[in-house]
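Notes follow the structure.
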Amino acid sequence: MGFVNNISLISLAKIAIRHFYILVISALVCGIAAFSFCQFVAVPVYSATGSVLVTNGAIIKDNIDNNTGSSKVSNTDISASLQLANTITDILKTNDIYKELADSTGNKYTYSELKSKISVKRRSTDTLFIDIAFTGSTPEEAKSLTNKYLELTPDYILKFIPNSTAAVTTNAESASRIYPRTSIVTLAAAFIGAIISFAIVYLISLANTTIKTESDITDNYKIMLIGNIPDFSNAKPKGYYKYGYSRKDDQ
């Protein structure tokens with residue numbers, strides 16, 4: 001007998017409860033597999049970050065009061081420096097500085113490899129800080145590349161914009177692991193495993209049109225259940241009557 005199941009939160013919840021152990025086992029298997037991959041197979045990637053401060057030079061050089069020693073910064077200088085920061089960000093992405101960095105590492109890397117490991121971007125659109133981040137297979141590699149690059153930035157920037165001022169404000173002192181994120185990957189894999197197993201169980205339940213209990217009728221049809229027929233197939237008879245005669249009379 002075929003029928004179409006009505007999808008509802010209640011019916012989905014009943015399926016989930018009925019197959020709870022299957023869902024839990026699937027989640028555990030996928031979670032353990034993801035954790036094992038992160039810990040024993042995946043090659044970790046670390047990232048270290050430093051920063052440089054850039055200005056048009058006037059902010060530091062031309063606005064110092066000789067009498068008080070205090071600096072007076074005009075809005076024009078600030079606006080010019082903010083616009084300059086975008087240009088310097090682009091300059092720090094040109095090939096020559098990566099070639100210099102490759103030389104400083106004893107040509108352990110090609111300049112194209114170094115470009116693939118770096119992130120150069122302004123901290124925000126209204127700041128003069130530019131953040132430099134390098135990735136590496138170890139924390140030491142990421143920190144070393146970041147700090148060596150930062151050493152090159154002030155002189156490299158002056159080659160293109162002589163009147164600018166660039167200073168290293170933050171050196172890379174630590175590196176964080178950015179791949180793989182074991183906890184996030186493990187939880188995501190466990191969740192996906194549970195969802196996939198539930199989808200399989202649900203599809204199997206849709207294909208199975210056998211009526212086993214009263215709920216199979218009440219959950220899928222908007223009809224009132226009047227009664228049911230007991231299953232006598234496994235019942236053990238205690239006796240029968242026929243023409244006033246009972247099998248118990250033989251005992």
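We label chains A, B, ... in the order they appear in the structure tokens, count residues from 1 in each chain, and number ligands from 1 in the order shown.
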With DSSP run on the backbone, what are the strand (DSSP E) residues within region 24-157 of chain A? I'd like them as a VMD selection string. chain A and resid 45 to 55 118 to 122 129 to 136
Which neighbours of Thr153 (chain A) fall inside 12 Å, counting only C-alpha atoms, when residues of the same chain fewer than 5 positions from it are skipped, and could you give them as a PyMOL selection string? chain A and resi 50-54+88-89+91-94+96-98+100-101+120+130-132+146-148+158-160+164-169
So what do you get for CA of Ser112 (chain A) versus CA of Glu140 (chain A), distance-wise?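 Going from CA of Ser112 (chain A) over to CA of Glu140 (chain A), I get 20.3 Å.
Shortest atom-to-atom contact with Arg177 (chain A) among A:Tyr156, A:Tyr109, A:Tyr46, A:Tyr202: A:Tyr46, counting only C-alpha atoms.
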Could you name the residues that touch Cys30 (chain A) at 10 Å or less, counting only C-alpha atoms, but leaving out those on the same chain fewer than 5 positions away, as a PyMOL selection string? chain A and resi 25+35-36+186-194
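Ranking A:Ala172, A:Ile22, A:Leu152, A:Ala42 by their shortest atom-to-atom distance to Val201 (chain A), with only C-alpha atoms included, puts A:Ile22 first.
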What is the distance, in Å and to one decimal place, between CA of Glu113 (chain A) and CA of Val185 (chain A)?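 Straight-line distance from CA of Glu113 (chain A) to CA of Val185 (chain A) works out to 27.2 Å.
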